[in-house]
$ cat work.pdb   # PDB, N, CA and C atoms, pLDDT in the B column
ATOM      1  N   MET O   1       0.842  -1.177   0.000  1.00 83.00           N
ATOM      2  CA  MET O   1       0.000   0.000   0.000  1.00 83.00           C
ATOM      3  C   MET O   1       0.891   1.246   0.000  1.00 83.00           C
ATOM      4  N   THR O   2       0.509   2.132  -0.838  1.00 93.00           N
ATOM      5  CA  THR O   2       1.253   3.388  -0.887  1.00 93.00           C
ATOM      6  C   THR O   2       0.628   4.394   0.057  1.00 93.00           C
ATOM      7  N   LEU O   3       1.331   5.451   0.271  1.00 94.00           N
ATOM      8  CA  LEU O   3       0.845   6.497   1.161  1.00 94.00           C
ATOM      9  C   LEU O   3      -0.431   7.135   0.609  1.00 94.00           C
ATOM     10  N   ASP O   4      -0.549   7.215  -0.707  1.00 92.00           N
ATOM     11  CA  ASP O   4      -1.753   7.789  -1.320  1.00 92.00           C
ATOM     12  C   ASP O   4      -2.978   6.917  -1.077  1.00 92.00           C
ATOM     13  N   SER O   5      -2.827   5.604  -1.178  1.00 94.00           N
ATOM     14  CA  SER O   5      -3.970   4.721  -0.976  1.00 94.00           C
ATOM     15  C   SER O   5      -4.399   4.724   0.495  1.00 94.00           C
ATOM     16  N   ILE O   6      -3.449   4.823   1.415  1.00 95.00           N
ATOM     17  CA  ILE O   6      -3.793   4.903   2.837  1.00 95.00           C
ATOM     18  C   ILE O   6      -4.577   6.191   3.109  1.00 95.00           C
ATOM     19  N   ALA O   7      -4.086   7.298   2.562  1.00 96.00           N
ATOM     20  CA  ALA O   7      -4.779   8.569   2.736  1.00 96.00           C
ATOM     21  C   ALA O   7      -6.176   8.522   2.125  1.00 96.00           C
ATOM     22  N   LEU O   8      -6.299   7.847   0.990  1.00 96.00           N
ATOM     23  CA  LEU O   8      -7.603   7.715   0.329  1.00 96.00           C
ATOM     24  C   LEU O   8      -8.577   6.945   1.215  1.00 96.00           C
ATOM     25  N   TRP O   9      -8.123   5.814   1.788  1.00 96.00           N
ATOM     26  CA  TRP O   9      -8.987   5.018   2.644  1.00 96.00           C
ATOM     27  C   TRP O   9      -9.337   5.774   3.931  1.00 96.00           C
ATOM     28  N   LEU O  10      -8.380   6.501   4.496  1.00 96.00           N
ATOM     29  CA  LEU O  10      -8.685   7.308   5.678  1.00 96.00           C
ATOM     30  C   LEU O  10      -9.698   8.403   5.348  1.00 96.00           C
ATOM     31  N   GLY O  11      -9.566   9.034   4.220  1.00 96.00           N
ATOM     32  CA  GLY O  11     -10.520  10.062   3.798  1.00 96.00           C
ATOM     33  C   GLY O  11     -11.917   9.502   3.618  1.00 96.00           C
ATOM     34  N   TYR O  12     -12.007   8.326   2.968  1.00 97.00           N
ATOM     35  CA  TYR O  12     -13.312   7.697   2.800  1.00 97.00           C
ATOM     36  C   TYR O  12     -13.921   7.328   4.158  1.00 97.00           C
ATOM     37  N   GLY O  13     -13.105   6.838   5.057  1.00 97.00           N
ATOM     38  CA  GLY O  13     -13.594   6.456   6.382  1.00 97.00           C
ATOM     39  C   GLY O  13     -14.114   7.662   7.152  1.00 97.00           C
ATOM     40  N   VAL O  14     -13.364   8.755   7.091  1.00 98.00           N
ATOM     41  CA  VAL O  14     -13.791   9.972   7.791  1.00 98.00           C
ATOM     42  C   VAL O  14     -15.081  10.510   7.182  1.00 98.00           C
ATOM     43  N   MET O  15     -15.185  10.496   5.870  1.00 98.00           N
ATOM     44  CA  MET O  15     -16.412  10.966   5.224  1.00 98.00           C
ATOM     45  C   MET O  15     -17.596  10.070   5.571  1.00 98.00           C
ATOM     46  N   LEU O  16     -17.373   8.773   5.630  1.00 98.00           N
ATOM     47  CA  LEU O  16     -18.441   7.837   5.957  1.00 98.00           C
ATOM     48  C   LEU O  16     -18.933   8.058   7.383  1.00 98.00           C
ATOM     49  N   VAL O  17     -18.007   8.170   8.324  1.00 98.00           N
ATOM     50  CA  VAL O  17     -18.391   8.396   9.724  1.00 98.00           C
ATOM     51  C   VAL O  17     -19.053   9.771   9.882  1.00 98.00           C
ATOM     52  N   GLY O  18     -18.503  10.796   9.237  1.00 98.00           N
ATOM     53  CA  GLY O  18     -19.097  12.129   9.308  1.00 98.00           C
ATOM     54  C   GLY O  18     -20.500  12.161   8.725  1.00 98.00           C
ATOM     55  N   GLY O  19     -20.695  11.485   7.612  1.00 98.00           N
ATOM     56  CA  GLY O  19     -22.030  11.429   7.011  1.00 98.00           C
ATOM     57  C   GLY O  19     -23.019  10.705   7.896  1.00 98.00           C
ATOM     58  N   ALA O  20     -22.584   9.605   8.505  1.00 98.00           N
ATOM     59  CA  ALA O  20     -23.470   8.858   9.404  1.00 98.00           C
ATOM     60  C   ALA O  20     -23.843   9.715  10.610  1.00 98.00           C
ATOM     61  N   LEU O  21     -22.863  10.439  11.159  1.00 98.00           N
ATOM     62  CA  LEU O  21     -23.160  11.316  12.297  1.00 98.00           C
ATOM     63  C   LEU O  21     -24.103  12.461  11.900  1.00 98.00           C
ATOM     64  N   LEU O  22     -23.916  12.991  10.711  1.00 98.00           N
ATOM     65  CA  LEU O  22     -24.788  14.059  10.231  1.00 98.00           C
ATOM     66  C   LEU O  22     -26.221  13.573  10.061  1.00 98.00           C
ATOM     67  N   VAL O  23     -26.381  12.400   9.471  1.00 98.00           N
ATOM     68  CA  VAL O  23     -27.721  11.836   9.295  1.00 98.00           C
ATOM     69  C   VAL O  23     -28.357  11.548  10.654  1.00 98.00           C
ATOM     70  N   ALA O  24     -27.577  11.006  11.595  1.00 98.00           N
ATOM     71  CA  ALA O  24     -28.109  10.715  12.926  1.00 98.00           C
ATOM     72  C   ALA O  24     -28.523  12.003  13.635  1.00 98.00           C
ATOM     73  N   ALA O  25     -27.726  13.056  13.508  1.00 97.00           N
ATOM     74  CA  ALA O  25     -28.075  14.335  14.136  1.00 97.00           C
ATOM     75  C   ALA O  25     -29.342  14.917  13.523  1.00 97.00           C
ATOM     76  N   MET O  26     -29.487  14.825  12.219  1.00 98.00           N
ATOM     77  CA  MET O  26     -30.701  15.330  11.563  1.00 98.00           C
ATOM     78  C   MET O  26     -31.928  14.544  11.998  1.00 98.00           C
ATOM     79  N   LEU O  27     -31.813  13.230  12.087  1.00 97.00           N
ATOM     80  CA  LEU O  27     -32.949  12.415  12.527  1.00 97.00           C
ATOM     81  C   LEU O  27     -33.312  12.728  13.977  1.00 97.00           C
ATOM     82  N   LEU O  28     -32.318  12.956  14.813  1.00 96.00           N
ATOM     83  CA  LEU O  28     -32.587  13.309  16.199  1.00 96.00           C
ATOM     84  C   LEU O  28     -33.304  14.650  16.288  1.00 96.00           C
ATOM     85  N   ALA O  29     -32.856  15.628  15.524  1.00 96.00           N
ATOM     86  CA  ALA O  29     -33.492  16.947  15.540  1.00 96.00           C
ATOM     87  C   ALA O  29     -34.935  16.855  15.043  1.00 96.00           C
ATOM     88  N   ILE O  30     -35.148  16.115  13.977  1.00 96.00           N
ATOM     89  CA  ILE O  30     -36.508  15.968  13.445  1.00 96.00           C
ATOM     90  C   ILE O  30     -37.409  15.262  14.449  1.00 96.00           C
ATOM     91  N   SER O  31     -36.884  14.228  15.104  1.00 94.00           N
ATOM     92  CA  SER O  31     -37.705  13.506  16.080  1.00 94.00           C
ATOM     93  C   SER O  31     -38.037  14.381  17.282  1.00 94.00           C
ATOM     94  N   LEU O  32     -37.100  15.235  17.709  1.00 93.00           N
ATOM     95  CA  LEU O  32     -37.390  16.132  18.824  1.00 93.00           C
ATOM     96  C   LEU O  32     -38.449  17.161  18.458  1.00 93.00           C
ATOM     97  N   VAL O  33     -38.376  17.689  17.244  1.00 93.00           N
ATOM     98  CA  VAL O  33     -39.385  18.664  16.800  1.00 93.00           C
ATOM     99  C   VAL O  33     -40.753  18.008  16.703  1.00 93.00           C
ATOM    100  N   LEU O  34     -40.815  16.822  16.125  1.00 92.00           N
ATOM    101  CA  LEU O  34     -42.101  16.127  16.006  1.00 92.00           C
ATOM    102  C   LEU O  34     -42.654  15.751  17.376  1.00 92.00           C
ATOM    103  N   SER O  35     -41.782  15.348  18.273  1.00 91.00           N
ATOM    104  CA  SER O  35     -42.219  14.999  19.625  1.00 91.00           C
ATOM    105  C   SER O  35     -42.811  16.207  20.328  1.00 91.00           C
ATOM    106  N   ALA O  36     -42.183  17.362  20.160  1.00 90.00           N
ATOM    107  CA  ALA O  36     -42.710  18.581  20.776  1.00 90.00           C
ATOM    108  C   ALA O  36     -44.072  18.935  20.185  1.00 90.00           C
ATOM    109  N   LYS O  37     -44.212  18.799  18.873  1.00 89.00           N
ATOM    110  CA  LYS O  37     -45.499  19.109  18.230  1.00 89.00           C
ATOM    111  C   LYS O  37     -46.589  18.164  18.714  1.00 89.00           C
ATOM    112  N   VAL O  38     -46.276  16.871  18.776  1.00 88.00           N
ATOM    113  CA  VAL O  38     -47.264  15.882  19.208  1.00 88.00           C
ATOM    114  C   VAL O  38     -47.647  16.137  20.658  1.00 88.00           C
ATOM    115  N   ASN O  39     -46.670  16.518  21.481  1.00 89.00           N
ATOM    116  CA  ASN O  39     -46.970  16.801  22.877  1.00 89.00           C
ATOM    117  C   ASN O  39     -47.895  18.008  22.993  1.00 89.00           C
ATOM    118  N   LEU O  40     -47.665  19.043  22.181  1.00 86.00           N
ATOM    119  CA  LEU O  40     -48.548  20.207  22.217  1.00 86.00           C
ATOM    120  C   LEU O  40     -49.954  19.847  21.766  1.00 86.00           C
ATOM    121  N   ILE O  41     -50.053  19.017  20.736  1.00 87.00           N
ATOM    122  CA  ILE O  41     -51.372  18.583  20.273  1.00 87.00           C
ATOM    123  C   ILE O  41     -52.060  17.763  21.357  1.00 87.00           C
ATOM    124  N   GLY O  42     -51.298  16.913  22.043  1.00 85.00           N
ATOM    125  CA  GLY O  42     -51.858  16.109  23.131  1.00 85.00           C
ATOM    126  C   GLY O  42     -52.350  16.970  24.275  1.00 85.00           C
ATOM    127  N   LYS O  43     -51.599  18.016  24.623  1.00 88.00           N
ATOM    128  CA  LYS O  43     -52.037  18.917  25.686  1.00 88.00           C
ATOM    129  C   LYS O  43     -53.325  19.625  25.287  1.00 88.00           C
ATOM    130  N   TYR O  44     -53.401  20.068  24.036  1.00 87.00           N
ATOM    131  CA  TYR O  44     -54.615  20.738  23.568  1.00 87.00           C
ATOM    132  C   TYR O  44     -55.812  19.787  23.621  1.00 87.00           C
ATOM    133  N   LEU O  45     -55.616  18.554  23.160  1.00 87.00           N
ATOM    134  CA  LEU O  45     -56.722  17.599  23.160  1.00 87.00           C
ATOM    135  C   LEU O  45     -57.174  17.268  24.583  1.00 87.00           C
ATOM    136  N   ARG O  46     -56.223  17.119  25.526  1.00 89.00           N
ATOM    137  CA  ARG O  46     -56.594  16.854  26.916  1.00 89.00           C
ATOM    138  C   ARG O  46     -57.345  18.040  27.508  1.00 89.00           C
ATOM    139  N   PHE O  47     -56.894  19.268  27.218  1.00 90.00           N
ATOM    140  CA  PHE O  47     -57.576  20.463  27.718  1.00 90.00           C
ATOM    141  C   PHE O  47     -58.995  20.532  27.164  1.00 90.00           C
ATOM    142  N   HIS O  48     -59.139  20.283  25.863  1.00 90.00           N
ATOM    143  CA  HIS O  48     -60.459  20.325  25.234  1.00 90.00           C
ATOM    144  C   HIS O  48     -61.371  19.273  25.849  1.00 90.00           C
ATOM    145  N   TRP O  49     -60.852  18.053  26.086  1.00 91.00           N
ATOM    146  CA  TRP O  49     -61.660  16.987  26.658  1.00 91.00           C
ATOM    147  C   TRP O  49     -62.058  17.341  28.085  1.00 91.00           C
ATOM    148  N   ASP O  50     -61.115  17.887  28.874  1.00 92.00           N
ATOM    149  CA  ASP O  50     -61.429  18.276  30.247  1.00 92.00           C
ATOM    150  C   ASP O  50     -62.490  19.370  30.277  1.00 92.00           C
ATOM    151  N   LEU O  51     -62.359  20.340  29.384  1.00 91.00           N
ATOM    152  CA  LEU O  51     -63.334  21.429  29.340  1.00 91.00           C
ATOM    153  C   LEU O  51     -64.708  20.899  28.949  1.00 91.00           C
ATOM    154  N   LYS O  52     -64.769  19.996  27.983  1.00 92.00           N
ATOM    155  CA  LYS O  52     -66.045  19.416  27.559  1.00 92.00           C
ATOM    156  C   LYS O  52     -66.670  18.610  28.696  1.00 92.00           C
ATOM    157  N   THR O  53     -65.846  17.851  29.410  1.00 93.00           N
ATOM    158  CA  THR O  53     -66.345  17.070  30.536  1.00 93.00           C
ATOM    159  C   THR O  53     -66.866  17.977  31.646  1.00 93.00           C
ATOM    160  N   LEU O  54     -66.156  19.058  31.923  1.00 90.00           N
ATOM    161  CA  LEU O  54     -66.590  20.011  32.952  1.00 90.00           C
ATOM    162  C   LEU O  54     -67.917  20.654  32.574  1.00 90.00           C
ATOM    163  N   ARG O  55     -68.060  21.034  31.318  1.00 90.00           N
ATOM    164  CA  ARG O  55     -69.317  21.645  30.875  1.00 90.00           C
ATOM    165  C   ARG O  55     -70.478  20.664  31.010  1.00 90.00           C
ATOM    166  N   ASN O  56     -70.250  19.421  30.614  1.00 92.00           N
ATOM    167  CA  ASN O  56     -71.314  18.416  30.737  1.00 92.00           C
ATOM    168  C   ASN O  56     -71.680  18.180  32.197  1.00 92.00           C
ATOM    169  N   THR O  57     -70.698  18.148  33.065  1.00 91.00           N
ATOM    170  CA  THR O  57     -70.960  17.946  34.483  1.00 91.00           C
ATOM    171  C   THR O  57     -71.753  19.116  35.057  1.00 91.00           C
ATOM    172  N   MET O  58     -71.360  20.329  34.679  1.00 88.00           N
ATOM    173  CA  MET O  58     -72.086  21.503  35.174  1.00 88.00           C
ATOM    174  C   MET O  58     -73.525  21.507  34.664  1.00 88.00           C
ATOM    175  N   ARG O  59     -73.731  21.135  33.421  1.00 89.00           N
ATOM    176  CA  ARG O  59     -75.108  21.077  32.900  1.00 89.00           C
ATOM    177  C   ARG O  59     -75.931  20.050  33.668  1.00 89.00           C
ATOM    178  N   THR O  60     -75.325  18.908  33.965  1.00 91.00           N
ATOM    179  CA  THR O  60     -76.030  17.873  34.723  1.00 91.00           C
ATOM    180  C   THR O  60     -76.390  18.380  36.117  1.00 91.00           C
ATOM    181  N   LEU O  61     -75.443  19.040  36.762  1.00 87.00           N
ATOM    182  CA  LEU O  61     -75.721  19.580  38.094  1.00 87.00           C
ATOM    183  C   LEU O  61     -76.770  20.678  38.047  1.00 87.00           C
ATOM    184  N   GLU O  62     -76.793  21.481  36.984  1.00 86.00           N
ATOM    185  CA  GLU O  62     -77.819  22.517  36.845  1.00 86.00           C
ATOM    186  C   GLU O  62     -79.197  21.899  36.700  1.00 86.00           C
ATOM    187  N   THR O  63     -79.312  20.848  35.899  1.00 87.00           N
ATOM    188  CA  THR O  63     -80.622  20.214  35.717  1.00 87.00           C
ATOM    189  C   THR O  63     -81.090  19.541  36.996  1.00 87.00           C
ATOM    190  N   GLU O  64     -80.146  19.073  37.820  1.00 86.00           N
ATOM    191  CA  GLU O  64     -80.525  18.468  39.091  1.00 86.00           C
ATOM    192  C   GLU O  64     -80.819  19.519  40.154  1.00 86.00           C
ATOM    193  N   GLY O  65     -80.519  20.784  39.859  1.00 82.00           N
ATOM    194  CA  GLY O  65     -80.786  21.864  40.790  1.00 82.00           C
ATOM    195  C   GLY O  65     -79.737  22.011  41.876  1.00 82.00           C
ATOM    196  N   LYS O  66     -78.584  21.436  41.675  1.00 82.00           N
ATOM    197  CA  LYS O  66     -77.542  21.496  42.703  1.00 82.00           C
ATOM    198  C   LYS O  66     -76.680  22.750  42.591  1.00 82.00           C
ATOM    199  N   VAL O  67     -76.621  23.345  41.404  1.00 80.00           N
ATOM    200  CA  VAL O  67     -75.871  24.589  41.233  1.00 80.00           C
ATOM    201  C   VAL O  67     -76.700  25.554  40.406  1.00 80.00           C
ATOM    202  N   SER O  68     -76.384  26.838  40.547  1.00 76.00           N
ATOM    203  CA  SER O  68     -77.039  27.878  39.777  1.00 76.00           C
ATOM    204  C   SER O  68     -76.119  28.275  38.627  1.00 76.00           C
ATOM    205  N   LYS O  69     -76.690  28.560  37.476  1.00 71.00           N
ATOM    206  CA  LYS O  69     -75.865  28.932  36.314  1.00 71.00           C
ATOM    207  C   LYS O  69     -75.207  30.277  36.536  1.00 71.00           C
ATOM    208  N   LYS O  70     -75.887  31.222  37.193  1.00 71.00           N
ATOM    209  CA  LYS O  70     -75.335  32.545  37.390  1.00 71.00           C
ATOM    210  C   LYS O  70     -74.197  32.555  38.412  1.00 71.00           C
ATOM    211  N   THR O  71     -74.435  31.967  39.572  1.00 67.00           N
ATOM    212  CA  THR O  71     -73.455  32.066  40.637  1.00 67.00           C
ATOM    213  C   THR O  71     -72.517  30.881  40.678  1.00 67.00           C
ATOM    214  N   GLY O  72     -72.942  29.735  40.226  1.00 63.00           N
ATOM    215  CA  GLY O  72     -72.118  28.537  40.289  1.00 63.00           C
ATOM    216  C   GLY O  72     -72.143  27.861  41.646  1.00 63.00           C
ATOM    217  N   VAL O  73     -73.017  28.350  42.531  1.00 63.00           N
ATOM    218  CA  VAL O  73     -73.129  27.740  43.869  1.00 63.00           C
ATOM    219  C   VAL O  73     -74.505  27.148  44.033  1.00 63.00           C
ATOM    220  N   LYS O  74     -74.687  26.453  45.124  1.00 62.00           N
ATOM    221  CA  LYS O  74     -75.961  25.778  45.383  1.00 62.00           C
ATOM    222  C   LYS O  74     -77.088  26.793  45.491  1.00 62.00           C
ATOM    223  N   ALA O  75     -78.168  26.515  44.772  1.00 50.00           N
ATOM    224  CA  ALA O  75     -79.300  27.437  44.726  1.00 50.00           C
ATOM    225  C   ALA O  75     -80.161  27.340  45.958  1.00 50.00           C
TER     226      ALA O  75
END

$ encode --input "work.pdb" --output "structure tokens"
Amino acid sequence: MTLDSIALWLGYGVMLVGGALLVAAMLLAISLVLSAKVNLIGKYLRFHWDLKTLRNTMRTLETEGKVSKKTGVKA
């Protein structure tokens, strides 16, 4: 092996490892961004579900006469 062929193989190895690290870093960044988006969507959906459940509960209590719509306390 000549010095040129050794340098060539070292260059290819460095490029291969650098490319693999670059692809891994990009995939990690994309997964973190998607995870954050999904988490925000999940928080919104949980908030919406909780609010809907609270409204239904309050309507049920109003029909039973346990709370007043104006004051929110027992009538």

$ atom_distance --input "work.pdb" --atom1 "atom C of Lys69 in chain O" --atom2 "atom N of Arg55 in chain O"
12.8 Å

$ select_by_dssp --input "work.pdb" --residues "range 3-75 of chain O" --states "helix (DSSP H, G or I)" --output "short mmCIF file (atom, residue, chain, number, x, y, z; two decimals) with N, CA and C atoms, in the coordinates of the input"
data_model
loop_
_atom_site.label_atom_id
_atom_site.label_comp_id
_atom_site.auth_asym_id
_atom_site.auth_seq_id
_atom_site.Cartn_x
_atom_site.Cartn_y
_atom_site.Cartn_z
N LEU O 3 1.33 5.45 0.27
CA LEU O 3 0.84 6.50 1.16
C LEU O 3 -0.43 7.14 0.61
N ASP O 4 -0.55 7.22 -0.71
CA ASP O 4 -1.75 7.79 -1.32
C ASP O 4 -2.98 6.92 -1.08
N SER O 5 -2.83 5.60 -1.18
CA SER O 5 -3.97 4.72 -0.98
C SER O 5 -4.40 4.72 0.50
N ILE O 6 -3.45 4.82 1.42
CA ILE O 6 -3.79 4.90 2.84
C ILE O 6 -4.58 6.19 3.11
N ALA O 7 -4.09 7.30 2.56
CA ALA O 7 -4.78 8.57 2.74
C ALA O 7 -6.18 8.52 2.12
N LEU O 8 -6.30 7.85 0.99
CA LEU O 8 -7.60 7.72 0.33
C LEU O 8 -8.58 6.94 1.22
N TRP O 9 -8.12 5.81 1.79
CA TRP O 9 -8.99 5.02 2.64
C TRP O 9 -9.34 5.77 3.93
N LEU O 10 -8.38 6.50 4.50
CA LEU O 10 -8.68 7.31 5.68
C LEU O 10 -9.70 8.40 5.35
N GLY O 11 -9.57 9.03 4.22
CA GLY O 11 -10.52 10.06 3.80
C GLY O 11 -11.92 9.50 3.62
N TYR O 12 -12.01 8.33 2.97
CA TYR O 12 -13.31 7.70 2.80
C TYR O 12 -13.92 7.33 4.16
N GLY O 13 -13.10 6.84 5.06
CA GLY O 13 -13.59 6.46 6.38
C GLY O 13 -14.11 7.66 7.15
N VAL O 14 -13.36 8.76 7.09
CA VAL O 14 -13.79 9.97 7.79
C VAL O 14 -15.08 10.51 7.18
N MET O 15 -15.18 10.50 5.87
CA MET O 15 -16.41 10.97 5.22
C MET O 15 -17.60 10.07 5.57
N LEU O 16 -17.37 8.77 5.63
CA LEU O 16 -18.44 7.84 5.96
C LEU O 16 -18.93 8.06 7.38
N VAL O 17 -18.01 8.17 8.32
CA VAL O 17 -18.39 8.40 9.72
C VAL O 17 -19.05 9.77 9.88
N GLY O 18 -18.50 10.80 9.24
CA GLY O 18 -19.10 12.13 9.31
C GLY O 18 -20.50 12.16 8.72
N GLY O 19 -20.70 11.48 7.61
CA GLY O 19 -22.03 11.43 7.01
C GLY O 19 -23.02 10.70 7.90
N ALA O 20 -22.58 9.60 8.51
CA ALA O 20 -23.47 8.86 9.40
C ALA O 20 -23.84 9.72 10.61
N LEU O 21 -22.86 10.44 11.16
CA LEU O 21 -23.16 11.32 12.30
C LEU O 21 -24.10 12.46 11.90
N LEU O 22 -23.92 12.99 10.71
CA LEU O 22 -24.79 14.06 10.23
C LEU O 22 -26.22 13.57 10.06
N VAL O 23 -26.38 12.40 9.47
CA VAL O 23 -27.72 11.84 9.30
C VAL O 23 -28.36 11.55 10.65
N ALA O 24 -27.58 11.01 11.60
CA ALA O 24 -28.11 10.72 12.93
C ALA O 24 -28.52 12.00 13.64
N ALA O 25 -27.73 13.06 13.51
CA ALA O 25 -28.08 14.34 14.14
C ALA O 25 -29.34 14.92 13.52
N MET O 26 -29.49 14.82 12.22
CA MET O 26 -30.70 15.33 11.56
C MET O 26 -31.93 14.54 12.00
N LEU O 27 -31.81 13.23 12.09
CA LEU O 27 -32.95 12.42 12.53
C LEU O 27 -33.31 12.73 13.98
N LEU O 28 -32.32 12.96 14.81
CA LEU O 28 -32.59 13.31 16.20
C LEU O 28 -33.30 14.65 16.29
N ALA O 29 -32.86 15.63 15.52
CA ALA O 29 -33.49 16.95 15.54
C ALA O 29 -34.94 16.86 15.04
N ILE O 30 -35.15 16.11 13.98
CA ILE O 30 -36.51 15.97 13.44
C ILE O 30 -37.41 15.26 14.45
N SER O 31 -36.88 14.23 15.10
CA SER O 31 -37.70 13.51 16.08
C SER O 31 -38.04 14.38 17.28
N LEU O 32 -37.10 15.24 17.71
CA LEU O 32 -37.39 16.13 18.82
C LEU O 32 -38.45 17.16 18.46
N VAL O 33 -38.38 17.69 17.24
CA VAL O 33 -39.38 18.66 16.80
C VAL O 33 -40.75 18.01 16.70
N LEU O 34 -40.82 16.82 16.12
CA LEU O 34 -42.10 16.13 16.01
C LEU O 34 -42.65 15.75 17.38
N SER O 35 -41.78 15.35 18.27
CA SER O 35 -42.22 15.00 19.62
C SER O 35 -42.81 16.21 20.33
N ALA O 36 -42.18 17.36 20.16
CA ALA O 36 -42.71 18.58 20.78
C ALA O 36 -44.07 18.93 20.18
N LYS O 37 -44.21 18.80 18.87
CA LYS O 37 -45.50 19.11 18.23
C LYS O 37 -46.59 18.16 18.71
N VAL O 38 -46.28 16.87 18.78
CA VAL O 38 -47.26 15.88 19.21
C VAL O 38 -47.65 16.14 20.66
N ASN O 39 -46.67 16.52 21.48
CA ASN O 39 -46.97 16.80 22.88
C ASN O 39 -47.90 18.01 22.99
N LEU O 40 -47.66 19.04 22.18
CA LEU O 40 -48.55 20.21 22.22
C LEU O 40 -49.95 19.85 21.77
N ILE O 41 -50.05 19.02 20.74
CA ILE O 41 -51.37 18.58 20.27
C ILE O 41 -52.06 17.76 21.36
N GLY O 42 -51.30 16.91 22.04
CA GLY O 42 -51.86 16.11 23.13
C GLY O 42 -52.35 16.97 24.28
N LYS O 43 -51.60 18.02 24.62
CA LYS O 43 -52.04 18.92 25.69
C LYS O 43 -53.32 19.62 25.29
N TYR O 44 -53.40 20.07 24.04
CA TYR O 44 -54.62 20.74 23.57
C TYR O 44 -55.81 19.79 23.62
N LEU O 45 -55.62 18.55 23.16
CA LEU O 45 -56.72 17.60 23.16
C LEU O 45 -57.17 17.27 24.58
N ARG O 46 -56.22 17.12 25.53
CA ARG O 46 -56.59 16.85 26.92
C ARG O 46 -57.34 18.04 27.51
N PHE O 47 -56.89 19.27 27.22
CA PHE O 47 -57.58 20.46 27.72
C PHE O 47 -59.00 20.53 27.16
N HIS O 48 -59.14 20.28 25.86
CA HIS O 48 -60.46 20.32 25.23
C HIS O 48 -61.37 19.27 25.85
N TRP O 49 -60.85 18.05 26.09
CA TRP O 49 -61.66 16.99 26.66
C TRP O 49 -62.06 17.34 28.08
N ASP O 50 -61.12 17.89 28.87
CA ASP O 50 -61.43 18.28 30.25
C ASP O 50 -62.49 19.37 30.28
N LEU O 51 -62.36 20.34 29.38
CA LEU O 51 -63.33 21.43 29.34
C LEU O 51 -64.71 20.90 28.95
N LYS O 52 -64.77 20.00 27.98
CA LYS O 52 -66.04 19.42 27.56
C LYS O 52 -66.67 18.61 28.70
N THR O 53 -65.85 17.85 29.41
CA THR O 53 -66.34 17.07 30.54
C THR O 53 -66.87 17.98 31.65
N LEU O 54 -66.16 19.06 31.92
CA LEU O 54 -66.59 20.01 32.95
C LEU O 54 -67.92 20.65 32.57
N ARG O 55 -68.06 21.03 31.32
CA ARG O 55 -69.32 21.64 30.88
C ARG O 55 -70.48 20.66 31.01
N ASN O 56 -70.25 19.42 30.61
CA ASN O 56 -71.31 18.42 30.74
C ASN O 56 -71.68 18.18 32.20
N THR O 57 -70.70 18.15 33.06
CA THR O 57 -70.96 17.95 34.48
C THR O 57 -71.75 19.12 35.06
N MET O 58 -71.36 20.33 34.68
CA MET O 58 -72.09 21.50 35.17
C MET O 58 -73.53 21.51 34.66
N ARG O 59 -73.73 21.14 33.42
CA ARG O 59 -75.11 21.08 32.90
C ARG O 59 -75.93 20.05 33.67
N THR O 60 -75.32 18.91 33.97
CA THR O 60 -76.03 17.87 34.72
C THR O 60 -76.39 18.38 36.12
N LEU O 61 -75.44 19.04 36.76
CA LEU O 61 -75.72 19.58 38.09
C LEU O 61 -76.77 20.68 38.05
N GLU O 62 -76.79 21.48 36.98
CA GLU O 62 -77.82 22.52 36.84
C GLU O 62 -79.20 21.90 36.70
N THR O 63 -79.31 20.85 35.90
CA THR O 63 -80.62 20.21 35.72
C THR O 63 -81.09 19.54 37.00
N GLU O 64 -80.15 19.07 37.82
CA GLU O 64 -80.53 18.47 39.09
C GLU O 64 -80.82 19.52 40.15
#

$ atom_distance --input "work.pdb" --atom1 "atom N of Ala25 in chain O" --atom2 "atom C of Ile6 in chain O"
26.3 Å

$ atom_distance --input "work.pdb" --atom1 "atom C of Ala36 in chain O" --atom2 "atom C of Gly18 in chain O"
27.1 Å

$ axis_aligned_box --input "work.pdb" --around "range 8-13 of chain O" --padding-each-side "8 Å" --output "lines of an AutoDock Vina configuration file"
center_x = -10.2
center_y = 7.5
center_z = 3.7
size_x = 23.8
size_y = 21.0
size_z = 22.8

$ decode --input "work.pdb" --residues "range 7-12 of chain O" --atoms "N, CA, C and O atoms" --output "tab-separated table (two decimals), in the first residue's frame"
chain	number	residue	atom	x	y	z
O	7	ALA	N	-4.09	7.30	2.56
O	7	ALA	CA	-4.78	8.57	2.74
O	7	ALA	C	-6.18	8.52	2.12
O	7	ALA	O	-7.13	9.08	2.67
O	8	LEU	N	-6.30	7.85	0.99
O	8	LEU	CA	-7.60	7.72	0.33
O	8	LEU	C	-8.58	6.94	1.22
O	8	LEU	O	-9.72	7.37	1.41
O	9	TRP	N	-8.12	5.81	1.79
O	9	TRP	CA	-8.99	5.02	2.64
O	9	TRP	C	-9.34	5.77	3.93
O	9	TRP	O	-10.47	5.70	4.40
O	10	LEU	N	-8.38	6.50	4.50
O	10	LEU	CA	-8.69	7.31	5.68
O	10	LEU	C	-9.70	8.40	5.35
O	10	LEU	O	-10.61	8.68	6.14
O	11	GLY	N	-9.57	9.03	4.22
O	11	GLY	CA	-10.52	10.06	3.80
O	11	GLY	C	-11.92	9.50	3.62
O	11	GLY	O	-12.90	10.10	4.07
O	12	TYR	N	-12.01	8.33	2.97
O	12	TYR	CA	-13.31	7.70	2.80
O	12	TYR	C	-13.92	7.33	4.16
O	12	TYR	O	-15.12	7.49	4.39
